[in-house]
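Q: To be precise about what I am sending: the file is called input07.pdb and holds PDB, C-alpha atoms.
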ATOM      1  CA  MET A 277      53.187 141.091 154.005
ATOM      2  CA  PHE A 278      56.263 139.530 152.655
ATOM      3  CA  ASN A 279      56.614 139.020 148.941
ATOM      4  CA  LYS A 280      57.907 135.436 148.702
ATOM      5  CA  ARG A 281      58.839 133.915 145.372
ATOM      6  CA  ALA A 282      59.560 130.261 144.879
ATOM      7  CA  GLN A 283      63.113 129.500 144.017
ATOM      8  CA  GLY A 284      63.405 126.957 141.253
ATOM      9  CA  LEU A 285      65.335 126.034 138.188
ATOM     10  CA  PRO A 286      64.558 127.878 135.008
ATOM     11  CA  ILE A 287      62.863 125.760 132.333
ATOM     12  CA  ASN A 288      65.912 126.103 130.046
ATOM     13  CA  THR A 289      68.124 124.461 132.662
ATOM     14  CA  ILE A 290      65.696 121.573 133.102
ATOM     15  CA  ILE A 291      65.584 120.992 129.329
ATOM     16  CA  LEU A 292      69.394 121.051 129.081
ATOM     17  CA  ILE A 293      69.709 118.506 131.889
ATOM     18  CA  ALA A 294      67.151 116.207 130.204
ATOM     19  CA  VAL A 295      68.935 116.412 126.826
ATOM     20  CA  GLY A 296      72.290 115.770 128.516
ATOM     21  CA  LEU A 297      70.939 112.674 130.263
ATOM     22  CA  LEU A 298      69.461 111.388 127.014
ATOM     23  CA  ILE A 299      72.790 111.807 125.222
ATOM     24  CA  LEU A 300      74.576 110.059 128.092
ATOM     25  CA  VAL A 301      72.194 107.096 127.963
ATOM     26  CA  LEU A 302      72.529 106.792 124.164
ATOM     27  CA  PHE A 303      76.328 106.929 124.456
ATOM     28  CA  ILE A 304      76.334 104.139 127.064
ATOM     29  CA  VAL A 305      74.038 101.980 124.908
ATOM     30  CA  PHE A 306      76.339 102.577 121.922
ATOM     31  CA  LEU A 307      79.407 101.530 123.941
ATOM     32  CA  LEU A 308      77.674  98.349 125.057
ATOM     33  CA  GLY A 309      76.838  97.416 121.451
ATOM     34  CA  GLY A 310      73.126  98.051 121.698
ATOM     35  CA  PHE A 311      72.961  99.530 118.197
ATOM     36  CA  GLY A 312      74.578  96.513 116.498
ATOM     37  CA  SER A 313      71.413  95.519 114.656
ATOM     38  CA  LEU A 314      70.787  99.022 113.324
ATOM     39  CA  GLY A 315      72.275 100.171 110.056
ATOM     40  CA  GLY A 316      71.791  96.875 108.254
ATOM     41  CA  ALA A 317      75.354  95.641 108.715
ATOM     42  CA  LYS A 318      75.522  92.145 107.276
ATOM     43  CA  SER A 319      78.139  89.515 107.842
ATOM     44  CA  ASN A 320      80.316  88.568 104.890
ATOM     45  CA  PRO A 321      79.484  84.967 103.873
ATOM     46  CA  TYR A 322      82.948  84.494 102.324
ATOM     47  CA  ALA A 323      84.688  85.545 105.537
ATOM     48  CA  SER A 324      82.480  83.183 107.549
ATOM     49  CA  PHE A 325      83.219  80.271 105.199
ATOM     50  CA  SER A 326      86.928  81.132 105.297
ATOM     51  CA  SER A 327      87.204  80.097 108.953
ATOM     52  CA  SER A 328      85.700  76.686 108.106
ATOM     53  CA  CYS A 329      88.239  76.306 105.295
ATOM     54  CA  GLN A 330      91.082  77.144 107.685
ATOM     55  CA  SER A 331      89.893  74.441 110.086
ATOM     56  CA  ALA A 332      89.631  71.898 107.276
ATOM     57  CA  CYS A 333      93.150  72.758 106.109
ATOM     58  CA  SER A 334      94.515  72.348 109.650
ATOM     59  CA  THR A 335      92.892  68.902 109.832
ATOM     60  CA  ASP A 336      94.533  67.919 106.541
ATOM     61  CA  GLN A 337      97.923  69.231 107.643
ATOM     62  CA  LEU A 338      97.748  67.336 110.933
ATOM     63  CA  SER A 339      96.894  64.085 109.128
ATOM     64  CA  GLY A 340     100.343  64.241 107.542
ATOM     65  CA  GLY A 341      99.197  63.272 104.070
ATOM     66  CA  SER A 342     101.239  64.323 101.076
ATOM     67  CA  GLY A 343      98.442  64.380  98.502
ATOM     68  CA  GLU A 344      95.521  66.670  97.899
ATOM     69  CA  PRO A 345      93.994  67.969 101.173
ATOM     70  CA  ALA A 346      90.741  65.976 101.289
ATOM     71  CA  SER A 347      88.863  67.991 103.905
ATOM     72  CA  PHE A 348      89.852  71.342 102.390
ATOM     73  CA  CYS A 349      89.015  70.249  98.826
ATOM     74  CA  SER A 350      85.660  68.670  99.645
ATOM     75  CA  LEU A 351      84.290  71.439 101.860
ATOM     76  CA  ASN A 352      81.756  73.668 100.090
ATOM     77  CA  THR A 353      78.860  75.987 100.741
ATOM     78  CA  THR A 354      76.302  77.906  98.700
ATOM     79  CA  ILE A 355      76.918  81.650  98.506
ATOM     80  CA  ASN A 356      74.638  83.829  96.381
ATOM     81  CA  GLY A 357      73.141  80.740  94.749
ATOM     82  CA  ALA A 358      76.483  79.258  93.611
ATOM     83  CA  THR A 359      78.483  76.381  95.056
ATOM     84  CA  THR A 360      81.678  77.758  96.533
ATOM     85  CA  TYR A 361      84.651  75.578  97.460
ATOM     86  CA  CYS A 362      87.562  76.594  99.661
ATOM     87  CA  ASP A 363      89.782  76.793  96.582
ATOM     88  CA  SER A 364      87.318  78.897  94.550
ATOM     89  CA  PRO A 365      88.773  82.091  93.036
ATOM     90  CA  SER A 366      86.265  84.125  95.086
ATOM     91  CA  MET A 367      87.930  82.779  98.253
ATOM     92  CA  SER A 368      91.489  83.651  97.220
ATOM     93  CA  THR A 369      91.579  86.944  99.153
ATOM     94  CA  TYR A 370      90.539  85.325 102.453
ATOM     95  CA  PRO A 371      92.895  83.542 104.877
ATOM     96  CA  GLY A 372      91.034  80.247 104.431
ATOM     97  CA  GLY A 373      91.213  80.466 100.635
ATOM     98  CA  HIS A 374      94.389  78.405 100.361
ATOM     99  CA  CYS A 375      95.942  75.358 101.994
ATOM    100  CA  THR A 376      99.560  74.232 101.834
ATOM    101  CA  VAL A 377     100.264  70.521 102.160
ATOM    102  CA  GLY A 378     103.851  69.506 101.638
ATOM    103  CA  SER A 379     105.252  71.837  99.008
ATOM    104  CA  THR A 380     101.954  72.374  97.160
ATOM    105  CA  THR A 381      99.578  75.245  97.860
ATOM    106  CA  TYR A 382      95.982  74.563  96.900
ATOM    107  CA  GLY A 383      93.705  77.526  96.212
ATOM    108  CA  GLY A 384      92.033  79.669  93.600
ATOM    109  CA  ALA A 385      94.665  82.392  93.309
ATOM    110  CA  SER A 386      97.125  82.672  90.448
ATOM    111  CA  GLY A 387      99.963  80.169  90.808
ATOM    112  CA  GLN A 388      98.057  77.890  93.180
ATOM    113  CA  THR A 389      96.887  74.371  92.412
ATOM    114  CA  THR A 390      93.123  73.866  92.078
ATOM    115  CA  CYS A 391      91.644  70.800  93.750
ATOM    116  CA  THR A 392      90.714  67.948  91.417
ATOM    117  CA  GLY A 393      87.244  68.267  89.916
ATOM    118  CA  HIS A 394      86.764  71.946  90.722
ATOM    119  CA  PRO A 395      86.196  74.536  88.027
TER     120      PRO A 395
END
Can the structure in the file be given as structure tokens, please?
A:
Amino acid sequence: MFNKRAQGLPINTIILIAVGLLILVLFIVFLLGGFGSLGGAKSNPYASFSSSCQSACSTDQLSGGSGEPASFCSLNTTINGATTYCDSPSMSTYPGGHCTVGSTTYGGASGQTTCTGHP
């Protein structure tokens, strides 16, 4: 009789194909942002508050007032258990950490005017 042997893929080839497909799937998930919650990346509360400060400053600038920017100076939030205002020194490195109305720049950085009543 004839000696017939089945023709098939060696087990090593099958394993390599499976690993390749797994890597491809993980790469696609990574590109689509599926691993965003892994790694414990946390949002920066100062950066988030900064955008609110920028909006408040824009409102004050559009109102055309020449005095202290009311919306910017009154806006506050609690970060790490402490009240933080837009003009707080901890906000000085963020874009929303200062507001210019007229010729006066309000903020917590050196050379800037601090809003009335803020430490």
Q: Can you tell me how far atom CA of A:Cys362 sits from atom CA of A:Thr335, in Å to one decimal?
A: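 Separating atom CA of A:Cys362 from atom CA of A:Thr335 is a distance of 13.8 Å.
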Q: Any idea what the distance is between atom CA of A:Gln388 and atom CA of A:Gly357?
A: 25.1 Å
Q: Starting from 4 Å padding per side, set up an axis-aligned box that covers all listed atoms of stretch 300-308 of chain A and hand over centre and edge lengths in Å, one decimal, as AutoDock Vina command-line options.
A:
--center_x 75.8 --center_y 104.2 --center_z 125.0 --size_x 15.2 --size_y 19.7 --size_z 14.2
Q: Using all atoms listed in the file, which of A:Ser319, A:Gln337, A:Ser331, A:Ser326 sits nearest A:Gly378?
A: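 Of the candidates, the smallest distance to A:Gly378 is held by A:Gln337.
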Q: On this file, the PyMOL selection byres ((chain A and resi 349) around 12) gives some set of residues; write that set as a ChimeraX atom specification.
A: /A:328-330,332-333,335-336,343-348,350-353,360-364,372-377,381-384,389-395
Q: Just how far from atom CA of A:Tyr322 is atom CA of A:Ile355, in Å to one decimal?
A: 7.7 Å
